[in-house]
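**Q** My structure is stored as model-v2.cif, with mmCIF, C-alpha atoms.
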```cif
data_start
loop_
_atom_site.label_atom_id
_atom_site.label_comp_id
_atom_site.auth_asym_id
_atom_site.auth_seq_id
_atom_site.Cartn_x
_atom_site.Cartn_y
_atom_site.Cartn_z
CA MET N 1 38.38 5.69 -30.57
CA VAL N 2 40.84 2.99 -29.67
CA LYS N 3 40.47 -0.06 -31.90
CA ASN N 4 38.02 -2.69 -30.64
CA THR N 5 36.23 -0.10 -28.51
CA GLY N 6 33.13 1.93 -29.30
CA TRP N 7 30.01 3.62 -27.93
CA ILE N 8 26.58 2.03 -27.80
CA SER N 9 23.52 4.19 -27.10
CA PHE N 10 20.38 2.69 -25.62
CA LYS N 11 16.78 3.80 -25.70
CA CYS N 12 15.52 5.33 -22.45
CA PHE N 13 11.84 5.22 -21.60
CA TYR N 14 11.13 8.20 -19.39
CA ASP N 15 7.85 9.40 -17.95
CA LYS N 16 6.40 10.43 -14.60
CA TYR N 17 7.05 6.90 -13.34
CA GLY N 18 10.82 7.20 -13.80
CA HIS N 19 13.49 6.07 -16.24
CA LEU N 20 13.81 2.59 -17.73
CA VAL N 21 16.66 1.49 -20.01
CA PRO N 22 16.31 -1.92 -21.70
CA VAL N 23 19.24 -3.81 -23.18
CA GLU N 24 18.36 -6.78 -25.38
CA GLY N 25 21.18 -9.29 -25.79
CA GLU N 26 22.29 -9.74 -29.42
CA GLN N 27 20.11 -6.81 -30.45
CA ASP N 28 21.14 -3.68 -28.54
CA ILE N 29 24.61 -5.11 -27.96
CA PRO N 30 26.50 -7.36 -30.38
CA PHE N 31 26.64 -10.48 -28.19
CA GLN N 32 24.63 -12.82 -25.97
CA ILE N 33 24.73 -11.86 -22.30
CA LYS N 34 26.28 -14.87 -20.60
CA ARG N 35 27.33 -13.03 -17.45
CA VAL N 36 26.80 -9.72 -15.74
CA TYR N 37 28.74 -8.18 -12.90
CA TYR N 38 28.66 -4.90 -11.06
CA ILE N 39 31.30 -2.97 -9.17
CA TYR N 40 30.42 -0.51 -6.38
CA SER N 41 31.63 1.03 -3.12
CA VAL N 42 35.05 1.75 -4.59
CA ASP N 43 37.15 4.03 -2.41
CA ASP N 44 38.57 7.32 -3.57
CA GLY N 45 41.93 6.86 -5.28
CA VAL N 46 41.43 3.23 -6.24
CA ARG N 47 42.48 2.12 -9.72
CA ARG N 48 41.49 -1.36 -10.84
CA GLY N 49 41.23 -3.51 -13.95
CA PHE N 50 44.78 -3.81 -15.33
CA HIS N 51 44.05 -6.60 -17.78
CA SER N 52 42.83 -7.46 -21.24
CA HIS N 53 40.89 -10.41 -22.61
CA ASN N 54 41.78 -12.64 -25.51
CA LYS N 55 38.21 -13.17 -26.66
CA LEU N 56 35.70 -11.68 -24.24
CA GLU N 57 33.49 -8.80 -25.31
CA GLN N 58 31.99 -6.48 -22.73
CA ALA N 59 29.65 -3.52 -22.47
CA LEU N 60 30.40 -1.19 -19.53
CA ILE N 61 27.56 1.00 -18.27
CA CYS N 62 27.84 3.40 -15.36
CA ILE N 63 24.29 3.23 -14.06
CA HIS N 64 24.86 5.48 -11.04
CA GLY N 65 27.51 8.10 -10.38
CA SER N 66 30.57 8.25 -12.62
CA VAL N 67 33.84 6.47 -13.37
CA LYS N 68 36.68 6.88 -15.82
CA ILE N 69 38.10 4.14 -18.02
CA LEU N 70 41.51 4.02 -19.65
CA VAL N 71 41.49 1.85 -22.78
CA LYS N 72 44.66 1.28 -24.71
CA ASN N 73 46.78 -0.87 -26.93
CA PRO N 74 50.46 -0.41 -27.75
CA TYR N 75 49.59 2.09 -30.49
CA GLU N 76 46.91 4.31 -28.94
CA SER N 77 45.08 5.11 -25.70
CA GLU N 78 42.04 7.03 -24.52
CA ASN N 79 40.59 8.14 -21.20
CA ILE N 80 36.81 7.93 -21.17
CA LEU N 81 34.28 9.33 -18.70
CA LEU N 82 31.25 7.14 -18.07
CA ASP N 83 28.41 9.04 -16.38
CA ASP N 84 25.32 8.28 -18.49
CA PRO N 85 23.17 5.16 -17.88
CA THR N 86 21.96 5.25 -21.48
CA LYS N 87 25.42 4.71 -22.96
CA ALA N 88 27.74 1.73 -22.91
CA LEU N 89 31.42 1.57 -23.63
CA TYR N 90 32.00 -1.51 -25.76
CA ILE N 91 35.38 -3.19 -25.18
CA GLY N 92 36.32 -6.06 -27.44
CA PRO N 93 39.27 -8.44 -27.40
CA MET N 94 42.85 -7.42 -26.75
CA VAL N 95 42.15 -4.02 -25.20
CA TRP N 96 43.96 -3.12 -21.97
CA ARG N 97 41.62 -1.42 -19.50
CA GLU N 98 41.98 0.39 -16.18
CA MET N 99 39.11 1.91 -14.16
CA TYR N 100 39.61 4.89 -11.89
CA ASP N 101 38.02 7.99 -10.37
CA PHE N 102 34.94 6.10 -9.21
CA SER N 103 32.57 8.57 -7.55
CA SER N 104 31.61 7.41 -4.08
CA ASP N 105 28.13 6.50 -5.37
CA ALA N 106 29.31 4.86 -8.62
CA VAL N 107 27.84 1.57 -9.81
CA LEU N 108 29.53 0.14 -12.89
CA LEU N 109 27.47 -2.56 -14.61
CA VAL N 110 29.30 -4.85 -17.04
CA LEU N 111 27.57 -7.18 -19.53
CA ALA N 112 29.87 -9.93 -20.78
CA SER N 113 29.79 -12.28 -23.77
CA GLY N 114 31.18 -15.26 -21.88
CA HIS N 115 31.19 -16.96 -18.53
CA TYR N 116 34.13 -16.37 -16.22
CA ASP N 117 37.23 -17.98 -17.74
CA VAL N 118 40.50 -17.35 -15.97
CA GLY N 119 42.39 -18.48 -19.08
CA ASP N 120 40.98 -15.59 -21.14
CA TYR N 121 42.64 -12.91 -18.97
CA VAL N 122 46.00 -11.30 -19.67
CA ARG N 123 47.16 -9.54 -16.52
CA ASP N 124 50.89 -9.10 -17.23
CA TYR N 125 51.31 -5.89 -19.21
CA SER N 126 54.56 -6.91 -20.88
CA LYS N 127 52.92 -10.13 -22.13
CA TYR N 128 49.89 -8.14 -23.25
CA GLU N 129 52.06 -5.62 -25.08
CA LYS N 130 53.91 -8.30 -26.96
CA ALA N 131 50.72 -10.07 -28.01
CA ALA N 132 48.91 -6.83 -28.87
CA LEU N 133 51.75 -5.51 -31.01
CA ASN N 134 51.36 -8.62 -33.08
CA TYR N 135 47.55 -8.75 -32.96
CA PHE N 136 46.93 -5.23 -34.16
CA LYS N 137 49.81 -5.32 -36.63
CA ARG N 138 48.34 -8.42 -38.24
CA GLY N 139 45.01 -6.65 -38.66
CA GLU N 140 43.14 -9.28 -36.66
CA ASN N 141 41.15 -6.41 -35.23
CA GLU N 142 39.17 -6.11 -38.41
CA GLY N 143 36.46 -8.34 -39.75
CA ASN N 144 36.48 -11.24 -37.37
CA GLU N 145 33.43 -12.34 -35.46
CA HIS N 146 34.67 -11.17 -32.10
CA THR N 147 35.33 -7.63 -33.16
CA VAL N 148 33.08 -4.62 -33.46
CA CYS N 149 35.07 -1.47 -34.04
CA ASN N 150 33.85 2.03 -33.35
CA PHE N 151 30.23 1.33 -34.24
CA MET Z 1 7.28 -16.77 0.24
CA VAL Z 2 4.68 -16.33 -2.45
CA LYS Z 3 4.69 -19.19 -4.94
CA ASN Z 4 6.99 -18.75 -7.93
CA THR Z 5 9.11 -16.24 -6.02
CA GLY Z 6 12.31 -16.78 -4.05
CA TRP Z 7 15.62 -15.31 -2.91
CA ILE Z 8 18.91 -15.82 -4.70
CA SER Z 9 22.16 -14.89 -2.94
CA PHE Z 10 25.27 -14.02 -4.93
CA LYS Z 11 28.93 -14.13 -4.05
CA CYS Z 12 30.50 -10.73 -3.39
CA PHE Z 13 34.21 -10.22 -3.91
CA TYR Z 14 35.27 -7.44 -1.55
CA ASP Z 15 38.71 -6.04 -0.93
CA LYS Z 16 40.44 -2.66 -0.78
CA TYR Z 17 39.59 -2.18 -4.46
CA GLY Z 18 35.85 -2.28 -3.84
CA HIS Z 19 32.95 -4.69 -4.22
CA LEU Z 20 32.28 -6.90 -7.24
CA VAL Z 21 29.22 -9.13 -7.61
CA PRO Z 22 29.20 -11.57 -10.56
CA VAL Z 23 26.05 -13.23 -11.87
CA GLU Z 24 26.57 -16.07 -14.31
CA GLY Z 25 23.55 -16.83 -16.46
CA GLU Z 26 22.17 -20.37 -16.00
CA GLN Z 27 24.51 -20.87 -13.05
CA ASP Z 28 23.85 -18.23 -10.40
CA ILE Z 29 20.32 -17.72 -11.71
CA PRO Z 30 18.12 -20.44 -13.22
CA PHE Z 31 17.87 -19.00 -16.74
CA GLN Z 32 19.83 -17.53 -19.65
CA ILE Z 33 20.03 -13.74 -19.55
CA LYS Z 34 18.36 -12.65 -22.76
CA ARG Z 35 17.64 -9.11 -21.64
CA VAL Z 36 18.53 -6.73 -18.85
CA TYR Z 37 16.90 -3.47 -17.90
CA TYR Z 38 17.33 -0.96 -15.14
CA ILE Z 39 14.99 1.54 -13.55
CA TYR Z 40 16.21 4.72 -11.87
CA SER Z 41 15.31 8.32 -11.04
CA VAL Z 42 11.88 7.33 -9.79
CA ASP Z 43 10.10 10.12 -7.93
CA ASP Z 44 8.86 9.83 -4.40
CA GLY Z 45 5.39 8.33 -4.24
CA VAL Z 46 5.55 6.53 -7.57
CA ARG Z 47 4.20 3.01 -7.78
CA ARG Z 48 4.84 1.04 -10.98
CA GLY Z 49 4.75 -2.49 -12.35
CA PHE Z 50 1.12 -3.62 -12.11
CA HIS Z 51 1.46 -6.67 -14.32
CA SER Z 52 2.40 -10.32 -14.42
CA HIS Z 53 4.04 -12.47 -17.10
CA ASN Z 54 2.79 -15.72 -18.54
CA LYS Z 55 6.24 -17.23 -19.00
CA LEU Z 56 8.99 -14.73 -18.27
CA GLU Z 57 11.36 -15.30 -15.35
CA GLN Z 58 13.19 -12.38 -13.78
CA ALA Z 59 15.76 -11.64 -11.11
CA LEU Z 60 15.37 -8.22 -9.48
CA ILE Z 61 18.43 -6.72 -7.82
CA CYS Z 62 18.51 -3.33 -6.14
CA ILE Z 63 22.13 -2.37 -6.81
CA HIS Z 64 21.91 1.11 -5.30
CA GLY Z 65 19.50 2.53 -2.75
CA SER Z 66 16.34 0.65 -1.90
CA VAL Z 67 12.91 -0.24 -3.25
CA LYS Z 68 9.96 -2.32 -2.12
CA ILE Z 69 8.21 -4.96 -4.19
CA LEU Z 70 4.71 -6.31 -3.71
CA VAL Z 71 4.37 -9.82 -5.12
CA LYS Z 72 1.06 -11.58 -5.03
CA ASN Z 73 -1.36 -14.06 -6.48
CA PRO Z 74 -5.03 -14.49 -5.62
CA TYR Z 75 -4.14 -16.66 -2.63
CA GLU Z 76 -1.21 -14.85 -0.98
CA SER Z 77 0.87 -11.67 -1.06
CA GLU Z 78 4.12 -10.33 0.36
CA ASN Z 79 5.84 -6.96 0.58
CA ILE Z 80 9.60 -7.26 0.15
CA LEU Z 81 12.36 -4.73 0.79
CA LEU Z 82 15.26 -4.86 -1.68
CA ASP Z 83 18.32 -3.00 -0.40
CA ASP Z 84 21.21 -5.46 -0.83
CA PRO Z 85 23.16 -5.73 -4.14
CA THR Z 86 24.13 -9.30 -3.30
CA LYS Z 87 20.55 -10.61 -3.27
CA ALA Z 88 18.02 -11.05 -6.05
CA LEU Z 89 14.31 -11.51 -5.80
CA TYR Z 90 13.36 -14.22 -8.28
CA ILE Z 91 9.92 -13.76 -9.83
CA GLY Z 92 8.62 -16.53 -12.04
CA PRO Z 93 5.51 -16.79 -14.18
CA MET Z 94 2.05 -15.65 -13.12
CA VAL Z 95 3.11 -13.44 -10.21
CA TRP Z 96 1.58 -9.98 -10.00
CA ARG Z 97 4.17 -7.36 -9.02
CA GLU Z 98 4.18 -3.71 -8.01
CA MET Z 99 7.26 -1.64 -7.19
CA TYR Z 100 7.14 1.30 -4.78
CA ASP Z 101 9.05 3.33 -2.20
CA PHE Z 102 12.04 3.82 -4.49
CA SER Z 103 14.69 5.79 -2.63
CA SER Z 104 15.78 8.83 -4.62
CA ASP Z 105 19.09 7.10 -5.42
CA ALA Z 106 17.59 3.67 -6.19
CA VAL Z 107 18.73 1.65 -9.19
CA LEU Z 108 16.74 -1.53 -9.78
CA LEU Z 109 18.47 -3.97 -12.14
CA VAL Z 110 16.34 -6.71 -13.68
CA LEU Z 111 17.71 -9.77 -15.47
CA ALA Z 112 15.15 -11.44 -17.72
CA SER Z 113 14.87 -14.88 -19.32
CA GLY Z 114 13.39 -13.60 -22.56
CA HIS Z 115 13.44 -10.72 -24.99
CA TYR Z 116 10.70 -8.13 -24.75
CA ASP Z 117 7.40 -9.73 -25.77
CA VAL Z 118 4.29 -7.62 -25.37
CA GLY Z 119 2.15 -10.77 -25.65
CA ASP Z 120 3.63 -12.20 -22.45
CA TYR Z 121 2.32 -9.36 -20.24
CA VAL Z 122 -0.94 -9.44 -18.31
CA ARG Z 123 -1.78 -5.87 -17.28
CA ASP Z 124 -5.48 -6.21 -16.45
CA TYR Z 125 -5.78 -7.37 -12.85
CA SER Z 126 -9.19 -8.97 -13.27
CA LYS Z 127 -7.90 -11.03 -16.19
CA TYR Z 128 -4.78 -11.89 -14.20
CA GLU Z 129 -6.87 -12.95 -11.20
CA LYS Z 130 -9.03 -15.24 -13.25
CA ALA Z 131 -6.04 -16.89 -14.93
CA ALA Z 132 -4.05 -17.14 -11.70
CA LEU Z 133 -6.91 -18.70 -9.74
CA ASN Z 134 -6.89 -21.45 -12.30
CA TYR Z 135 -3.10 -21.65 -12.70
CA PHE Z 136 -2.28 -22.08 -9.04
CA LYS Z 137 -5.29 -24.28 -8.39
CA ARG Z 138 -4.16 -26.65 -11.13
CA GLY Z 139 -0.73 -26.90 -9.51
CA GLU Z 140 1.06 -25.70 -12.64
CA ASN Z 141 3.32 -23.79 -10.31
CA GLU Z 142 5.15 -26.96 -9.42
CA GLY Z 143 7.54 -29.01 -11.40
CA ASN Z 144 7.45 -27.39 -14.80
CA GLU Z 145 10.51 -26.02 -16.51
CA HIS Z 146 9.56 -22.39 -16.05
CA THR Z 147 9.13 -22.58 -12.33
CA VAL Z 148 11.55 -22.37 -9.47
CA CYS Z 149 9.77 -22.11 -6.16
CA ASN Z 150 11.25 -20.67 -2.99
CA PHE Z 151 14.79 -21.95 -3.62
#
```
Please express the file's structure as structure tokens.
**A**
Amino acid sequence: MVKNTGWISFKCFYDKYGHLVPVEGEQDIPFQIKRVYYIYSVDDGVRRGFHSHNKLEQALICIHGSVKILVKNPYESENILLDDPTKALYIGPMVWREMYDFSSDAVLLVLASGHYDVGDYVRDYSKYEKAALNYFKRGENEGNEHTVCNF
Amino acid sequence: MVKNTGWISFKCFYDKYGHLVPVEGEQDIPFQIKRVYYIYSVDDGVRRGFHSHNKLEQALICIHGSVKILVKNPYESENILLDDPTKALYIGPMVWREMYDFSSDAVLLVLASGHYDVGDYVRDYSKYEKAALNYFKRGENEGNEHTVCNF
């Protein structure tokens, strides 16, 4: 997978009363949950995201319907289908992401390691590319506290 | 509303790219988010819940479809329809809850103030009733750090 991304699988408790998926902060995911947000009612053809974060870590879970995520850095990219509520796509720092092909009934839940901080976003791709070329070249993607790679 | 329950309304960012609802822990809800869980694929006719918590605080958000929640204590009860992703039902300590009438496409997201703790559950209604008669009579539902009433 693309560096600083990975899959997380959750337990699912299923019986005649339905399905329940628990996610414990700092246990089932590698960070405290400071913020959650959810995206829904996205029209056909919409593509959104188009940014990276300097520090933020996130876990993306499609808990209804399906959506595709492009994750990339200047060296590699991957298109990922999210359609299973028991799996999260982890996205760490310095990963460009775009979300597309939302099904009409899609609900994308995102768990985030920090509160909203406008200064943590990089929305200009050329600026991102320049920083990421340096970041991944320097090997800062390995072994620091903000990074969990392909676990 | 029933004591130790209340509504919380969230901002919703809506444009041609869809809807996004952010929930900041300790800001948009009155507690840190230690745990999240979601319930889905609940069959018609199922009723679940049937417990209260001694300390746990939760925010229940129906982010797809609809579900009804019964909240009660020995002195009062209320049946509440959840069908709006921008509103949470806050449930504080010592409130008995049952969930029912899940639509086939319902997804109920719950944000919780603590990690899973089996010792915090009260699942026997007669034990709950005895404790709650005392709890609400003593006025412990007002003014302590675990309680946010009807905000």
**Q** So the first atom is CA of Met1 in chain N and the second is CA of Thr86 in chain N; what is the distance between them in Å, to one decimal place?
**A**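 If I compute the distance from CA of Met1 in chain N to CA of Thr86 in chain N, I get 18.8 Å.
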**Q** When the cut-off is 8 Å and we count only C-alpha atoms, which residues of chain N are near chain Z, given as JSON, numbers by chain?
**A** {"N": [16, 17, 18, 19, 20, 21, 22, 23, 24, 25, 32, 33, 34, 35, 36, 37, 38, 39, 40, 41, 42, 43, 46, 47, 48, 63, 64, 107, 115, 116]}
**Q** Do you know which residues the PyMOL selection byres ((chain Z and resi 89) around 7) returns on this file, as a PyMOL selection string?
**A** chain Z and resi 6-8+59-61+87-88+90-91
**Q** Keeping only C-alpha atoms, write those residues as a short mmCIF file (atom, residue, chain, number, x, y, z; two decimals), keeping the file's coordinate frame.
**A**
```cif
data_model
loop_
_atom_site.label_atom_id
_atom_site.label_comp_id
_atom_site.auth_asym_id
_atom_site.auth_seq_id
_atom_site.Cartn_x
_atom_site.Cartn_y
_atom_site.Cartn_z
CA GLY Z 6 12.31 -16.78 -4.05
CA TRP Z 7 15.62 -15.31 -2.91
CA ILE Z 8 18.91 -15.82 -4.70
CA ALA Z 59 15.76 -11.64 -11.11
CA LEU Z 60 15.37 -8.22 -9.48
CA ILE Z 61 18.43 -6.72 -7.82
CA LYS Z 87 20.55 -10.61 -3.27
CA ALA Z 88 18.02 -11.05 -6.05
CA TYR Z 90 13.36 -14.22 -8.28
CA ILE Z 91 9.92 -13.76 -9.83
#
```
**Q** Just how far from CA of Gln58 in chain Z is CA of Leu56 in chain N, in Å to one decimal?
**A**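 Between CA of Leu56 in chain N and CA of Gln58 in chain Z the gap is 24.8 Å.
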**Q** As an exercise, work out the distance from CA of Asn4 in chain N to CA of Cys62 in chain N in Å and give it to one decimal place.
**A** 19.3 Å
**Q** Of the candidates N:Phe10, N:Tyr75, N:Trp96, N:Phe31, which shows the shortest atom-to-atom distance to His51 in chain N, using only C-alpha atoms?
**A**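 The shortest atom-to-atom distance to His51 in chain N comes from N:Trp96.
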**Q** Provide range 5-17 of chain Z of the preceding structure as a file containing all heavy atoms, as a compact mmCIF listing (two decimals), in the first residue's frame.
**A**
```txt
# COMPACT_ATOMS: atom_id res chain seq x y z
N THR Z 5 -31.04 13.37 29.74
CA THR Z 5 -31.06 13.26 28.28
C THR Z 5 -31.21 14.66 27.70
O THR Z 5 -31.63 15.59 28.41
CB THR Z 5 -32.20 12.37 27.74
OG1 THR Z 5 -33.46 13.06 27.89
CG2 THR Z 5 -32.26 11.04 28.45
N GLY Z 6 -30.89 14.80 26.43
CA GLY Z 6 -31.04 16.11 25.79
C GLY Z 6 -30.69 16.03 24.31
O GLY Z 6 -30.14 15.03 23.85
N TRP Z 7 -31.00 17.06 23.57
CA TRP Z 7 -30.65 17.14 22.15
C TRP Z 7 -29.37 17.96 21.97
O TRP Z 7 -29.16 18.96 22.65
CB TRP Z 7 -31.77 17.84 21.36
CG TRP Z 7 -32.98 16.99 21.13
CD1 TRP Z 7 -34.20 17.15 21.71
CD2 TRP Z 7 -33.08 15.86 20.27
NE1 TRP Z 7 -35.07 16.18 21.26
CE2 TRP Z 7 -34.41 15.38 20.37
CE3 TRP Z 7 -32.19 15.20 19.42
CZ2 TRP Z 7 -34.87 14.28 19.65
CZ3 TRP Z 7 -32.65 14.10 18.70
CH2 TRP Z 7 -33.96 13.66 18.82
N ILE Z 8 -28.56 17.53 21.04
CA ILE Z 8 -27.41 18.32 20.60
C ILE Z 8 -27.55 18.50 19.09
O ILE Z 8 -27.76 17.52 18.37
CB ILE Z 8 -26.08 17.60 20.90
CG1 ILE Z 8 -25.97 17.25 22.39
CG2 ILE Z 8 -24.90 18.48 20.49
CD1 ILE Z 8 -24.75 16.40 22.73
N SER Z 9 -27.44 19.74 18.63
CA SER Z 9 -27.48 20.01 17.18
C SER Z 9 -26.08 20.31 16.68
O SER Z 9 -25.33 21.07 17.31
CB SER Z 9 -28.40 21.19 16.89
OG SER Z 9 -29.73 20.85 17.17
N PHE Z 10 -25.72 19.74 15.53
CA PHE Z 10 -24.42 19.97 14.93
C PHE Z 10 -24.54 20.87 13.72
O PHE Z 10 -25.58 20.93 13.07
CB PHE Z 10 -23.79 18.63 14.49
CG PHE Z 10 -23.67 17.62 15.60
CD1 PHE Z 10 -24.25 16.37 15.48
CD2 PHE Z 10 -22.97 17.93 16.76
CE1 PHE Z 10 -24.14 15.43 16.50
CE2 PHE Z 10 -22.86 16.99 17.79
CZ PHE Z 10 -23.45 15.75 17.65
N LYS Z 11 -23.43 21.52 13.40
CA LYS Z 11 -23.34 22.23 12.13
C LYS Z 11 -23.33 21.20 11.00
O LYS Z 11 -22.82 20.10 11.15
CB LYS Z 11 -22.03 23.03 12.05
CG LYS Z 11 -21.92 24.17 13.01
CD LYS Z 11 -20.63 24.94 12.81
CE LYS Z 11 -19.40 24.14 13.18
NZ LYS Z 11 -19.24 23.95 14.65
N CYS Z 12 -23.87 21.61 9.84
CA CYS Z 12 -23.77 20.76 8.66
C CYS Z 12 -23.26 21.62 7.51
O CYS Z 12 -23.86 22.65 7.21
CB CYS Z 12 -25.13 20.16 8.30
SG CYS Z 12 -25.10 19.14 6.81
N PHE Z 13 -22.13 21.23 6.95
CA PHE Z 13 -21.59 21.95 5.80
C PHE Z 13 -22.13 21.28 4.52
O PHE Z 13 -21.85 20.11 4.28
CB PHE Z 13 -20.06 21.93 5.83
CG PHE Z 13 -19.51 22.66 7.02
CD1 PHE Z 13 -19.16 21.98 8.18
CD2 PHE Z 13 -19.38 24.05 7.00
CE1 PHE Z 13 -18.68 22.66 9.29
CE2 PHE Z 13 -18.89 24.73 8.11
CZ PHE Z 13 -18.54 24.03 9.25
N TYR Z 14 -22.91 22.03 3.77
CA TYR Z 14 -23.60 21.46 2.62
C TYR Z 14 -23.33 22.31 1.39
O TYR Z 14 -23.53 23.52 1.40
CB TYR Z 14 -25.11 21.41 2.90
CG TYR Z 14 -25.94 21.20 1.69
CD1 TYR Z 14 -25.72 20.09 0.88
CD2 TYR Z 14 -26.96 22.09 1.34
CE1 TYR Z 14 -26.49 19.88 -0.26
CE2 TYR Z 14 -27.73 21.88 0.21
CZ TYR Z 14 -27.49 20.78 -0.59
OH TYR Z 14 -28.23 20.58 -1.71
N ASP Z 15 -22.86 21.68 0.34
CA ASP Z 15 -22.70 22.37 -0.93
C ASP Z 15 -22.85 21.34 -2.04
O ASP Z 15 -23.33 20.23 -1.79
CB ASP Z 15 -21.35 23.12 -0.99
CG ASP Z 15 -20.17 22.19 -0.80
OD1 ASP Z 15 -20.31 20.96 -1.02
OD2 ASP Z 15 -19.08 22.67 -0.44
N LYS Z 16 -22.43 21.68 -3.23
CA LYS Z 16 -22.62 20.76 -4.36
C LYS Z 16 -21.77 19.49 -4.23
O LYS Z 16 -21.95 18.55 -4.99
CB LYS Z 16 -22.32 21.46 -5.68
CG LYS Z 16 -20.89 21.91 -5.84
CD LYS Z 16 -20.67 22.63 -7.18
CE LYS Z 16 -19.24 23.12 -7.31
NZ LYS Z 16 -18.99 23.80 -8.60
N TYR Z 17 -20.85 19.50 -3.27
CA TYR Z 17 -20.01 18.32 -3.05
C TYR Z 17 -20.57 17.38 -1.97
O TYR Z 17 -19.94 16.39 -1.63
CB TYR Z 17 -18.59 18.75 -2.67
CG TYR Z 17 -17.93 19.59 -3.75
CD1 TYR Z 17 -17.75 20.95 -3.58
CD2 TYR Z 17 -17.53 19.00 -4.94
CE1 TYR Z 17 -17.17 21.72 -4.59
CE2 TYR Z 17 -16.95 19.76 -5.95
CZ TYR Z 17 -16.77 21.12 -5.76
OH TYR Z 17 -16.21 21.87 -6.77
```
